[in-house]
>>> print(open('model.cif').read())   # mmCIF, C-alpha atoms and all ligand atoms
data_input
#
loop_
_atom_site.label_atom_id
_atom_site.label_comp_id
_atom_site.auth_asym_id
_atom_site.auth_seq_id
_atom_site.Cartn_x
_atom_site.Cartn_y
_atom_site.Cartn_z
CA MET A 699 -7.89 -18.90 -1.27
CA ALA A 700 -7.88 -19.81 2.39
CA TRP A 701 -9.95 -16.89 3.65
CA LYS A 702 -13.73 -16.70 3.52
CA THR A 703 -15.49 -13.99 1.50
CA LEU A 704 -18.97 -12.51 1.30
CA ASP A 705 -19.86 -15.47 -0.92
CA ASP A 706 -19.25 -17.93 1.89
CA ALA A 707 -21.85 -16.85 4.46
CA ALA A 708 -25.59 -16.31 4.61
CA LEU A 709 -26.06 -12.62 5.42
CA ALA A 710 -29.86 -12.30 5.21
CA GLY A 711 -31.21 -10.75 8.37
CA LYS A 712 -27.70 -10.48 9.86
CA THR A 713 -26.05 -7.38 11.26
CA VAL A 714 -22.64 -7.15 9.62
CA LEU A 715 -19.83 -5.24 11.33
CA ALA A 716 -17.60 -4.08 8.46
CA ARG A 717 -14.14 -2.70 9.33
CA VAL A 718 -13.27 -0.21 6.59
CA ASP A 719 -10.58 2.40 5.93
CA ILE A 720 -12.23 5.76 5.32
CA ASN A 721 -9.37 7.77 6.80
CA VAL A 722 -9.71 10.35 4.01
CA PRO A 723 -7.73 13.59 3.72
CA MET A 724 -9.64 16.73 4.77
CA GLU A 725 -9.13 20.45 4.44
CA ASP A 726 -11.31 23.12 6.06
CA GLY A 727 -13.92 20.53 7.02
CA ARG A 728 -14.20 19.12 3.48
CA VAL A 729 -13.08 15.76 2.14
CA THR A 730 -10.43 16.49 -0.52
CA ASP A 731 -10.11 12.95 -1.89
CA ALA A 732 -12.97 10.46 -1.47
CA THR A 733 -11.17 7.51 -3.10
CA ARG A 734 -11.13 5.46 0.10
CA ILE A 735 -14.90 5.85 0.50
CA GLU A 736 -15.51 4.93 -3.15
CA LYS A 737 -13.48 1.76 -2.68
CA ILE A 738 -15.75 0.32 0.02
CA ARG A 739 -18.87 0.62 -2.11
CA PRO A 740 -18.74 -2.91 -3.59
CA THR A 741 -18.66 -4.42 -0.10
CA VAL A 742 -21.43 -2.19 1.25
CA ASP A 743 -23.68 -2.81 -1.75
CA ASP A 744 -23.03 -6.53 -1.70
CA ILE A 745 -23.86 -6.94 1.99
CA ILE A 746 -27.12 -5.04 1.52
CA ALA A 747 -27.98 -6.98 -1.66
CA ARG A 748 -27.60 -10.16 0.37
CA GLY A 749 -30.02 -8.90 2.99
CA GLY A 750 -27.46 -7.90 5.61
CA ARG A 751 -27.41 -4.67 7.63
CA VAL A 752 -24.18 -2.68 7.24
CA VAL A 753 -22.48 -1.25 10.31
CA LEU A 754 -19.19 0.49 9.55
CA LEU A 755 -16.30 0.42 12.00
CA ALA A 756 -13.40 2.72 11.18
CA HIS A 757 -10.63 4.88 12.61
CA PHE A 758 -9.95 8.47 11.70
CA ASP A 759 -6.63 10.24 12.24
CA ARG A 760 -4.72 9.64 15.48
CA PRO A 761 -6.76 10.61 18.55
CA LYS A 762 -4.60 8.26 20.70
CA GLY A 763 -7.34 6.71 22.80
CA LYS A 764 -9.17 9.94 23.69
CA VAL A 765 -12.25 11.66 22.34
CA VAL A 766 -10.97 14.43 20.07
CA PRO A 767 -14.00 16.23 18.55
CA GLU A 768 -12.08 17.37 15.44
CA MET A 769 -11.37 13.71 14.70
CA SER A 770 -14.99 12.60 14.83
CA LEU A 771 -16.18 10.47 11.93
CA GLY A 772 -19.34 12.57 12.15
CA HIS A 773 -17.48 15.15 10.03
CA ILE A 774 -17.37 12.78 7.08
CA SER A 775 -20.76 11.09 7.44
CA GLY A 776 -22.17 13.46 4.80
CA ALA A 777 -19.42 12.51 2.37
CA VAL A 778 -19.99 8.81 3.10
CA ALA A 779 -23.70 9.24 2.37
CA SER A 780 -23.16 11.05 -0.91
CA VAL A 781 -20.41 8.74 -2.20
CA LEU A 782 -22.30 5.56 -1.26
CA GLY A 783 -25.63 7.06 -2.34
CA ARG A 784 -27.27 5.92 0.89
CA ASN A 785 -28.74 7.31 4.06
CA VAL A 786 -26.12 7.21 6.84
CA VAL A 787 -27.09 6.87 10.49
CA PHE A 788 -24.21 8.09 12.64
CA ALA A 789 -23.62 6.79 16.18
CA SER A 790 -21.63 8.89 18.64
CA ASP A 791 -19.81 5.83 20.01
CA CYS A 792 -18.60 2.57 18.45
CA ILE A 793 -19.92 0.51 21.38
CA GLY A 794 -22.79 0.61 23.89
CA ALA A 795 -26.22 2.23 23.86
CA ALA A 796 -25.47 4.90 21.22
CA ALA A 797 -24.33 2.24 18.76
CA GLU A 798 -27.21 -0.08 19.57
CA GLU A 799 -29.79 2.68 19.08
CA ALA A 800 -28.35 3.70 15.71
CA ILE A 801 -28.41 0.10 14.50
CA ALA A 802 -32.02 -0.36 15.69
CA LYS A 803 -33.07 2.88 14.00
CA ALA A 804 -31.46 2.24 10.58
CA GLY A 805 -33.52 0.98 7.67
CA PRO A 806 -32.43 -2.06 5.63
CA ASN A 807 -30.82 0.06 2.87
CA ASP A 808 -29.14 2.47 5.27
CA VAL A 809 -25.57 2.39 6.46
CA VAL A 810 -24.72 2.79 10.14
CA LEU A 811 -21.45 4.65 10.74
CA LEU A 812 -20.00 4.17 14.22
CA GLU A 813 -17.73 6.79 15.83
CA ASN A 814 -13.92 6.62 15.53
CA THR A 815 -12.72 3.33 17.04
CA ARG A 816 -9.51 5.05 18.19
CA PHE A 817 -11.47 7.22 20.65
CA HIS A 818 -11.15 4.15 22.90
CA ALA A 819 -7.69 3.38 24.29
CA GLY A 820 -8.48 -0.32 23.94
CA GLU A 821 -8.53 -0.11 20.12
CA GLU A 822 -4.78 0.18 19.55
CA LYS A 823 -4.06 -2.10 22.52
CA ASN A 824 -6.26 -4.79 20.99
CA ASP A 825 -8.12 -4.98 24.29
CA PRO A 826 -10.33 -8.11 24.33
CA ALA A 827 -12.93 -6.29 26.45
CA LEU A 828 -13.38 -3.60 23.76
CA ALA A 829 -13.53 -6.25 21.02
CA ALA A 830 -16.21 -8.08 23.03
CA GLU A 831 -18.26 -4.87 23.30
CA MET A 832 -18.03 -4.44 19.53
CA ALA A 833 -18.92 -8.09 18.91
CA LYS A 834 -22.17 -7.65 20.88
CA LEU A 835 -23.42 -5.29 18.16
CA GLY A 836 -23.45 -7.74 15.26
CA ASP A 837 -23.57 -11.29 13.93
CA VAL A 838 -20.82 -11.33 11.30
CA TYR A 839 -17.49 -9.49 10.90
CA VAL A 840 -16.17 -8.32 7.54
CA ASN A 841 -12.69 -6.84 7.17
CA ASP A 842 -12.32 -4.59 4.12
CA ALA A 843 -9.39 -2.57 5.46
CA PHE A 844 -6.23 -4.18 4.10
CA SER A 845 -4.46 -0.87 4.68
CA ALA A 846 -5.01 -1.28 8.45
CA ALA A 847 -4.26 -5.02 8.50
CA HIS A 848 -0.63 -4.60 9.60
CA ARG A 849 -1.93 -3.44 12.99
CA ALA A 850 -3.35 -5.85 15.55
CA HIS A 851 -6.12 -3.62 16.89
CA ALA A 852 -9.46 -4.54 18.48
CA SER A 853 -11.41 -3.74 15.29
CA THR A 854 -8.87 -5.31 12.90
CA GLU A 855 -7.79 -8.41 14.81
CA GLY A 856 -9.52 -9.03 18.16
CA LEU A 857 -13.02 -8.78 16.71
CA ALA A 858 -12.22 -11.27 13.94
CA ARG A 859 -11.69 -13.88 16.63
CA LEU A 860 -15.13 -13.36 18.19
CA LEU A 861 -17.47 -13.49 15.18
CA PRO A 862 -17.54 -15.40 11.88
CA ALA A 863 -14.97 -13.41 9.88
CA LEU A 864 -15.01 -12.66 6.14
CA ALA A 865 -12.84 -10.69 3.72
CA GLY A 866 -14.66 -7.79 2.07
CA ARG A 867 -14.42 -7.21 -1.70
CA LEU A 868 -11.56 -4.70 -1.49
CA MET A 869 -9.60 -6.92 0.90
CA GLU A 870 -10.21 -9.83 -1.43
CA ALA A 871 -8.94 -7.91 -4.48
CA GLU A 872 -5.85 -6.78 -2.59
CA LEU A 873 -5.02 -10.27 -1.30
CA ARG A 874 -5.54 -11.81 -4.70
CA ALA A 875 -3.27 -9.26 -6.41
CA LEU A 876 -0.54 -9.63 -3.82
CA ASP A 877 -0.70 -13.40 -4.05
CA ALA A 878 -0.33 -13.18 -7.83
CA ALA A 879 2.71 -10.93 -7.44
CA LEU A 880 4.71 -12.64 -4.71
CA GLY A 881 2.77 -15.50 -3.11
CA ASN A 882 2.24 -17.74 -6.13
CA PRO A 883 3.49 -15.69 -9.08
CA VAL A 884 3.95 -16.77 -12.67
CA ARG A 885 7.73 -16.71 -13.26
CA PRO A 886 10.05 -15.10 -14.08
CA VAL A 887 9.32 -12.37 -11.52
CA VAL A 888 11.05 -8.99 -11.62
CA ALA A 889 10.99 -6.62 -8.66
CA VAL A 890 11.82 -2.94 -9.00
CA VAL A 891 12.91 -1.25 -5.79
CA GLY A 892 13.78 2.42 -5.83
CA GLY A 893 13.38 5.39 -3.56
CA ALA A 894 15.73 7.34 -1.41
CA LYS A 895 17.37 5.04 1.09
CA VAL A 896 18.50 1.47 1.61
CA SER A 897 18.01 1.82 5.37
CA THR A 898 14.20 2.16 5.09
CA LYS A 899 13.92 -0.85 2.79
CA LEU A 900 16.33 -3.41 4.22
CA ASP A 901 13.71 -6.01 5.16
CA LEU A 902 12.03 -5.52 1.83
CA LEU A 903 15.25 -6.09 -0.16
CA GLY A 904 16.12 -9.09 2.03
CA ASN A 905 12.76 -10.73 1.39
CA LEU A 906 12.67 -9.97 -2.34
CA VAL A 907 16.09 -11.43 -3.20
CA SER A 908 14.93 -14.76 -1.83
CA LYS A 909 11.70 -14.71 -3.85
CA VAL A 910 12.20 -13.00 -7.22
CA ASP A 911 14.27 -13.83 -10.29
CA HIS A 912 15.37 -10.27 -11.08
CA LEU A 913 15.80 -7.34 -8.73
CA VAL A 914 16.18 -3.90 -10.28
CA ILE A 915 17.64 -1.39 -7.84
CA GLY A 916 17.10 2.27 -8.65
CA GLY A 917 16.77 5.70 -7.10
CA GLY A 918 19.03 7.01 -4.36
CA MET A 919 19.43 3.54 -2.93
CA ALA A 920 21.25 2.39 -6.07
CA ASN A 921 23.99 4.91 -5.18
CA THR A 922 24.64 3.04 -1.94
CA PHE A 923 25.09 -0.18 -3.91
CA LEU A 924 27.49 1.59 -6.31
CA VAL A 925 29.51 2.88 -3.34
CA ALA A 926 29.59 -0.63 -1.87
CA GLN A 927 31.26 -1.78 -5.09
CA GLY A 928 33.92 0.91 -4.82
CA ILE A 929 32.34 3.31 -7.32
CA GLU A 930 32.49 7.03 -6.46
CA VAL A 931 29.16 8.89 -6.59
CA GLY A 932 30.25 12.47 -5.85
CA LYS A 933 27.63 14.49 -3.99
CA SER A 934 24.84 11.96 -4.57
CA LEU A 935 22.52 10.84 -1.82
CA ALA A 936 24.18 7.65 -0.53
CA GLU A 937 24.37 5.91 2.82
CA ARG A 938 28.05 5.08 3.06
CA ASP A 939 27.65 3.28 6.39
CA MET A 940 25.18 0.92 4.70
CA ALA A 941 27.78 -0.33 2.20
CA PRO A 942 28.47 -3.60 4.11
CA THR A 943 24.72 -4.25 4.28
CA ALA A 944 24.41 -3.65 0.55
CA LEU A 945 27.18 -6.22 -0.04
CA GLU A 946 25.33 -8.72 2.15
CA ILE A 947 22.19 -8.24 0.06
CA LEU A 948 24.22 -8.83 -3.13
CA GLU A 949 25.64 -12.03 -1.58
CA LYS A 950 22.22 -13.25 -0.53
CA ALA A 951 20.91 -12.58 -4.04
CA LYS A 952 23.72 -14.60 -5.58
CA ALA A 953 23.04 -17.50 -3.22
CA SER A 954 19.34 -17.59 -4.11
CA GLY A 955 19.76 -17.14 -7.86
CA CYS A 956 18.32 -13.64 -7.99
CA GLN A 957 19.91 -11.46 -10.65
CA ILE A 958 20.58 -7.87 -9.51
CA HIS A 959 20.35 -4.99 -11.99
CA LEU A 960 22.03 -1.69 -11.11
CA PRO A 961 22.07 1.42 -13.33
CA SER A 962 24.74 1.40 -16.04
CA ASP A 963 24.24 5.08 -16.89
CA VAL A 964 22.92 7.94 -14.77
CA VAL A 965 21.69 11.52 -15.10
CA VAL A 966 23.72 13.92 -12.96
CA ALA A 967 23.25 17.57 -11.99
CA ARG A 968 24.87 20.11 -9.69
CA GLU A 969 21.59 21.43 -8.32
CA PHE A 970 18.52 19.71 -6.92
CA LYS A 971 15.94 21.81 -8.73
CA ALA A 972 13.56 21.72 -11.67
CA GLY A 973 15.24 22.16 -15.02
CA ALA A 974 18.76 22.08 -13.53
CA ALA A 975 21.52 21.69 -16.14
CA ASN A 976 22.24 17.97 -16.38
CA GLU A 977 24.21 15.38 -18.28
CA THR A 978 24.11 11.63 -18.77
CA VAL A 979 27.27 9.74 -17.80
CA ALA A 980 28.32 6.14 -17.11
CA ALA A 981 27.39 5.03 -13.59
CA THR A 982 31.11 4.73 -12.90
CA ALA A 983 31.78 8.34 -13.94
CA CYS A 984 29.79 10.64 -11.66
CA PRO A 985 31.80 13.89 -11.38
CA ALA A 986 32.97 14.71 -7.83
CA ASP A 987 30.86 17.90 -7.67
CA ALA A 988 27.67 16.36 -9.12
CA MET A 989 24.83 14.19 -7.87
CA ILE A 990 22.96 11.33 -9.48
CA LEU A 991 19.28 12.24 -9.78
CA ASP A 992 17.97 9.68 -12.27
CA ALA A 993 18.81 6.54 -14.22
CA GLY A 994 19.92 7.03 -17.83
CA PRO A 995 18.34 5.85 -21.12
CA GLN A 996 20.66 2.85 -21.48
CA THR A 997 19.55 1.63 -18.05
CA VAL A 998 15.90 2.08 -19.02
CA GLN A 999 16.47 0.10 -22.20
CA ALA A 1000 18.06 -2.78 -20.25
CA LEU A 1001 15.23 -2.64 -17.74
CA THR A 1002 12.62 -2.82 -20.48
CA LYS A 1003 14.32 -5.98 -21.77
CA VAL A 1004 14.06 -7.52 -18.29
CA PHE A 1005 10.35 -6.57 -18.18
CA GLU A 1006 9.86 -8.17 -21.60
CA ALA A 1007 11.48 -11.39 -20.42
CA SER A 1008 9.33 -11.50 -17.26
CA LYS A 1009 5.77 -12.56 -16.56
CA THR A 1010 5.26 -10.75 -13.25
CA LEU A 1011 6.40 -7.32 -12.00
CA ILE A 1012 6.28 -5.97 -8.48
CA TRP A 1013 7.34 -2.35 -8.01
CA ASN A 1014 8.04 -0.08 -5.06
CA GLY A 1015 10.03 3.12 -5.23
CA PRO A 1016 10.77 5.56 -8.09
CA LEU A 1017 13.98 5.25 -10.14
CA GLY A 1018 14.91 8.89 -9.68
CA ALA A 1019 13.95 12.17 -8.03
CA PHE A 1020 10.69 12.03 -9.98
CA GLU A 1021 9.17 15.12 -8.32
CA ILE A 1022 11.52 17.36 -10.31
CA VAL A 1023 11.53 17.53 -14.10
CA PRO A 1024 13.46 16.11 -15.96
CA PHE A 1025 14.54 13.61 -13.29
CA ASN A 1026 11.24 11.75 -13.71
CA ALA A 1027 12.31 10.51 -17.18
CA ALA A 1028 13.52 7.01 -16.25
CA THR A 1029 10.58 6.33 -13.91
CA ASN A 1030 8.14 7.52 -16.59
CA ALA A 1031 9.70 5.46 -19.37
CA ALA A 1032 9.93 2.29 -17.27
CA ALA A 1033 6.36 2.76 -16.02
CA GLN A 1034 5.10 3.20 -19.58
CA ALA A 1035 6.94 0.06 -20.72
CA ALA A 1036 5.32 -1.93 -17.89
CA ALA A 1037 1.92 -0.44 -18.73
CA ARG A 1038 2.27 -1.41 -22.40
CA LEU A 1039 3.30 -5.01 -21.60
CA THR A 1040 0.37 -5.28 -19.18
CA ARG A 1041 -2.06 -3.96 -21.81
CA GLU A 1042 -0.71 -6.54 -24.24
CA GLY A 1043 -1.43 -9.28 -21.69
CA LYS A 1044 2.25 -10.18 -21.33
CA LEU A 1045 2.84 -9.00 -17.79
CA VAL A 1046 1.06 -9.02 -14.43
CA SER A 1047 2.07 -5.72 -12.81
CA VAL A 1048 1.53 -4.77 -9.19
CA ALA A 1049 2.82 -1.61 -7.54
CA GLY A 1050 2.45 0.20 -4.24
CA GLY A 1051 3.92 2.89 -2.00
CA GLY A 1052 2.95 6.54 -1.56
CA ASP A 1053 5.53 8.08 -3.89
CA THR A 1054 5.37 5.15 -6.29
CA VAL A 1055 1.63 5.57 -6.83
CA ALA A 1056 2.16 9.33 -7.36
CA ALA A 1057 4.96 8.61 -9.86
CA LEU A 1058 2.93 6.05 -11.82
CA ASN A 1059 0.00 8.45 -11.96
CA GLN A 1060 2.31 11.19 -13.20
CA ALA A 1061 3.56 8.80 -15.90
CA GLY A 1062 -0.05 8.11 -16.95
CA ALA A 1063 0.67 4.41 -16.39
CA ALA A 1064 -1.26 3.59 -13.21
CA SER A 1065 -4.57 2.70 -14.84
CA ASP A 1066 -2.90 0.09 -17.06
CA PHE A 1067 -1.24 -1.73 -14.16
CA THR A 1068 -2.91 -4.96 -13.05
CA PHE A 1069 -3.19 -3.66 -9.50
CA ILE A 1070 -2.10 -0.53 -7.67
CA SER A 1071 -2.09 -0.85 -3.91
CA THR A 1072 -2.98 2.27 -1.95
CA ALA A 1073 -2.43 0.43 1.33
CA GLY A 1074 0.88 2.18 2.18
CA GLY A 1075 2.44 0.65 5.30
CA ALA A 1076 0.49 -2.61 5.02
CA PHE A 1077 1.69 -3.07 1.42
CA LEU A 1078 5.31 -2.51 2.43
CA GLU A 1079 5.10 -4.92 5.37
CA TRP A 1080 3.61 -7.49 3.07
CA MET A 1081 6.50 -6.94 0.58
CA GLU A 1082 8.84 -7.47 3.52
CA GLY A 1083 7.30 -10.92 3.93
CA LYS A 1084 5.72 -10.10 7.29
CA GLU A 1085 2.55 -11.72 8.45
CA LEU A 1086 -0.25 -9.13 8.70
CA PRO A 1087 -2.29 -9.70 11.89
CA GLY A 1088 -5.56 -8.53 10.32
CA VAL A 1089 -5.13 -10.97 7.43
CA LYS A 1090 -3.99 -13.81 9.67
CA ALA A 1091 -7.08 -13.38 11.87
CA LEU A 1092 -9.28 -13.86 8.80
CA LEU A 1093 -7.68 -17.23 8.21
CA GLY A 1094 -8.98 -18.41 11.59
P1 LIG B 1101 7.49 5.07 -1.70
O1 LIG B 1101 6.81 6.20 -0.97
O2 LIG B 1101 6.78 4.72 -2.97
O3 LIG B 1101 7.70 3.85 -0.81
P2 LIG B 1101 10.13 6.17 -1.22
O4 LIG B 1101 9.55 7.10 -0.21
O5 LIG B 1101 11.00 5.08 -0.74
O6 LIG B 1101 8.96 5.57 -2.15
O7 LIG B 1101 11.04 6.99 -2.26
C1 LIG B 1101 10.64 8.15 -2.91
C2 LIG B 1101 11.68 9.24 -2.83
O8 LIG B 1101 12.93 8.84 -3.33
C3 LIG B 1101 11.26 10.42 -3.67
O9 LIG B 1101 11.07 11.54 -2.83
C4 LIG B 1101 12.42 10.61 -4.64
O10 LIG B 1101 12.71 11.97 -4.90
C5 LIG B 1101 13.55 9.98 -3.90
N1 LIG B 1101 14.66 9.63 -4.81
C6 LIG B 1101 14.66 8.73 -5.79
N2 LIG B 1101 15.86 8.74 -6.44
C7 LIG B 1101 16.62 9.68 -5.85
C8 LIG B 1101 17.96 10.16 -6.07
N3 LIG B 1101 18.74 9.65 -7.03
N4 LIG B 1101 18.42 11.14 -5.27
C9 LIG B 1101 17.62 11.64 -4.29
N5 LIG B 1101 16.37 11.25 -4.03
C10 LIG B 1101 15.86 10.26 -4.81
MG MG B 1102 7.60 7.69 0.41
#
>>> encode(input="model.cif", output="structure tokens")
Amino acid sequence: MAWKTLDDAALAGKTVLARVDINVPMEDGRVTDATRIEKIRPTVDDIIARGGRVVLLAHFDRPKGKVVPEMSLGHISGAVASVLGRNVVFASDCIGAAAEEAIAKAGPNDVVLLENTRFHAGEEKNDPALAAEMAKLGDVYVNDAFSAAHRAHASTEGLARLLPALAGRLMEAELRALDAALGNPVRPVVAVVGGAKVSTKLDLLGNLVSKVDHLVIGGGMANTFLVAQGIEVGKSLAERDMAPTALEILEKAKASGCQIHLPSDVVVAREFKAGAANETVAATACPADAMILDAGPQTVQALTKVFEASKTLIWNGPLGAFEIVPFNAATNAAAQAAARLTREGKLVSVAGGGDTVAALNQAGAASDFTFISTAGGAFLEWMEGKELPGVKALLG
């Protein structure tokens, strides 16, 4: 890989500024899900094992360039200490005397946690002066925040240009998985794109049809493609004004040899609620007073065949309204098929997206996938083929 990692630099005696994503959800002053903190542990432990001093740079919530006491990282320093199993020295600013004193005071096995980078207006503006102040604090920069890499901020981009820059372990794992899925994948590659709307995933669809061998379109957005082909979808969620765009995507797919798979059968209901009376009909036969809420079993069977014929799977977006039972059936079955093929060593499977991760967890399939990205917006921008400034800066 083109980027440098913790293996490529001598860290002994060095102060390492590590940009991490510990923007964890909180309720009543308590961290409700510490996953993001757990995920930085390999990088923290590795830097310390190599004799480096760890100084964490991170944002928290959206203070918009002002000091907002409720958004202080001080509130989670206890959680950081207990999850990492280390003493945490908190600094009330991410630059200047407060930061310098905390770094000087910390022992070699301690972790220094600097205050919310977004308390400074220069962070989101990628102000070189702020980056220079940060750079003064350390010798080496490590970026372990892939999920913040789609933003060119002082701590994610500017700083990487001022110090020797390395990818942390989590960043490395994410980049490697994404490269295996779309950068240099083993073919054939199948992409599954579902979710509610075509309009939110236009760039993503446009990029995928030029890169993958099979594109499975599911969820509400499949309805728009059905409409574009002159098929009536009753009261289903569909963006009728996007029909010409859907046709353009189908044309582009044809030109680049990407085979499109749309549902052949669908599950329809008259009400959008759990346990609503439903029936399975051909995709061409949605009753005028009904809406399509899931793909049908025949579609899932065809999809499983495509998975079986593929070597790599990349997935974003559920195949149906998975939050309501039984309209999670197609997503569950497809997820379980992908999980089985991955377990058997026949498929490399990578998935991401907020609802997608929730759906794969619900299906009990997530832990069998090769890689599940929790990077949200950064994962989607990467699927759209966009260059991520934080990743680009690591390449020098
Ligand atoms: P992600 O967060 O993984 O990127 P999206 O936000 O694009 O995924 O899509 C998820 C949403 O799509 C879910 O709320 C789901 O209920 C909705 N959805 C999927 N299929 C349908 C459908 N047929 N009708 C209405 N909503 C649907
Ligand atoms: Mg979503």
>>> residues_near_ligand(input="model.cif", ligand="ligand MG 1102 (chain B)", cutoff="7 Å", atoms="all atoms listed in the file", output="PDB file with C-alpha atoms, in the frame of the given file")
ATOM      1  CA  GLY A1051       3.920   2.890  -2.000  1.00  0.00           C
ATOM      2  CA  GLY A1052       2.950   6.540  -1.560  1.00  0.00           C
ATOM      3  CA  ASP A1053       5.530   8.080  -3.890  1.00  0.00           C
TER       4      ASP A1053
END
>>> atom_distance(input="model.cif", atom1="CA of Ala797 in chain A", atom2="CA of Leu1086 in chain A")
28.5 Å
>>> residues_around(input="model.cif", residues="Ala1007 in chain A", least_positions_apart="4", cutoff="12 Å", atoms="all atoms listed in the file", output="list in words")
Arg885, Pro886, Val887, Val888, Asp911, His912, Ala1000, Leu1001, Thr1002, Lys1003, Leu1011, Ala1036, Leu1039, Lys1044 and Leu1045 of chain A
>>> residues_around(input="model.cif", residues="range 984-997 of chain A", least_positions_apart="5", cutoff="7 Å", atoms="only C-alpha atoms", output="list of chain:residue names")
A:Gly917, A:Glu930, A:Val931, A:Gly932, A:Lys933, A:Ser934, A:Pro961, A:Ser962, A:Asp963, A:Val964, A:Val965, A:Val966, A:Ala967, A:Arg968, A:Thr978, A:Val979, A:Leu1017, A:Gly1018, A:Ala1019, A:Phe1025, A:Ala1028
>>> write_last_selection(input="model.cif", atoms="C-alpha atoms", output="compact mmCIF listing (two decimals), in the coordinates of the input")
# COMPACT_ATOMS: atom_id res chain seq x y z
CA GLY A 917 16.77 5.70 -7.10
CA GLU A 930 32.49 7.03 -6.46
CA VAL A 931 29.16 8.89 -6.59
CA GLY A 932 30.25 12.47 -5.85
CA LYS A 933 27.63 14.49 -3.99
CA SER A 934 24.84 11.96 -4.57
CA PRO A 961 22.07 1.42 -13.33
CA SER A 962 24.74 1.40 -16.04
CA ASP A 963 24.24 5.08 -16.89
CA VAL A 964 22.92 7.94 -14.77
CA VAL A 965 21.69 11.52 -15.10
CA VAL A 966 23.72 13.92 -12.96
CA ALA A 967 23.25 17.57 -11.99
CA ARG A 968 24.87 20.11 -9.69
CA THR A 978 24.11 11.63 -18.77
CA VAL A 979 27.27 9.74 -17.80
CA LEU A 1017 13.98 5.25 -10.14
CA GLY A 1018 14.91 8.89 -9.68
CA ALA A 1019 13.95 12.17 -8.03
CA PHE A 1025 14.54 13.61 -13.29
CA ALA A 1028 13.52 7.01 -16.25
>>> closest_residue(input="model.cif", among="A:Ser790, A:Ser1071, A:Asn807, A:Ser780", to="Val1055 in chain A", atoms="only C-alpha atoms")
A:Ser1071
>>> residues_around(input="model.cif", residues="Arg760 in chain A", least_positions_apart="3", cutoff="9 Å", atoms="only C-alpha atoms", output="MDAnalysis selection string")
chainID A and resid 757 763 769 816:817
>>> axis_aligned_box(input="model.cif", around="range 924-942 of chain A", padding_each_side="8 Å", output="AutoDock Vina command-line options")
--center_x 28.2 --center_y 5.4 --center_z -0.5 --size_x 27.4 --size_y 34.1 --size_z 29.7
>>> residues_around(input="model.cif", residues="Ala795 in chain A", least_positions_apart="4", cutoff="12 Å", atoms="only C-alpha atoms", output="list of chain:residue names")
A:Ala789, A:Ser790, A:Asp791, A:Glu799, A:Ala800, A:Ile801, A:Ala802, A:Leu812, A:Glu831, A:Met832, A:Lys834, A:Leu835
>>> closest_residue(input="model.cif", among="A:Glu736, A:Gly805, A:Gly1088, A:Glu821", to="Ala779 in chain A", atoms="all atoms listed in the file")
A:Glu736
>>> atom_distance(input="model.cif", atom1="atom C6 of ligand LIG 1101 (chain B)", atom2="CA of Gln999 in chain A")
18.6 Å
>>> residues_near_point(input="model.cif", point="(11.9, -4.6, -11.6)", cutoff="8 Å", atoms="all atoms listed in the file", output="ChimeraX atom specification")
/A:888-891,912-915,1001,1004-1005,1011-1013
>>> closest_residue(input="model.cif", among="A:Val787, A:Ala865, A:Ala819, A:Ala829", to="Val765 in chain A", atoms="only C-alpha atoms")
A:Ala819
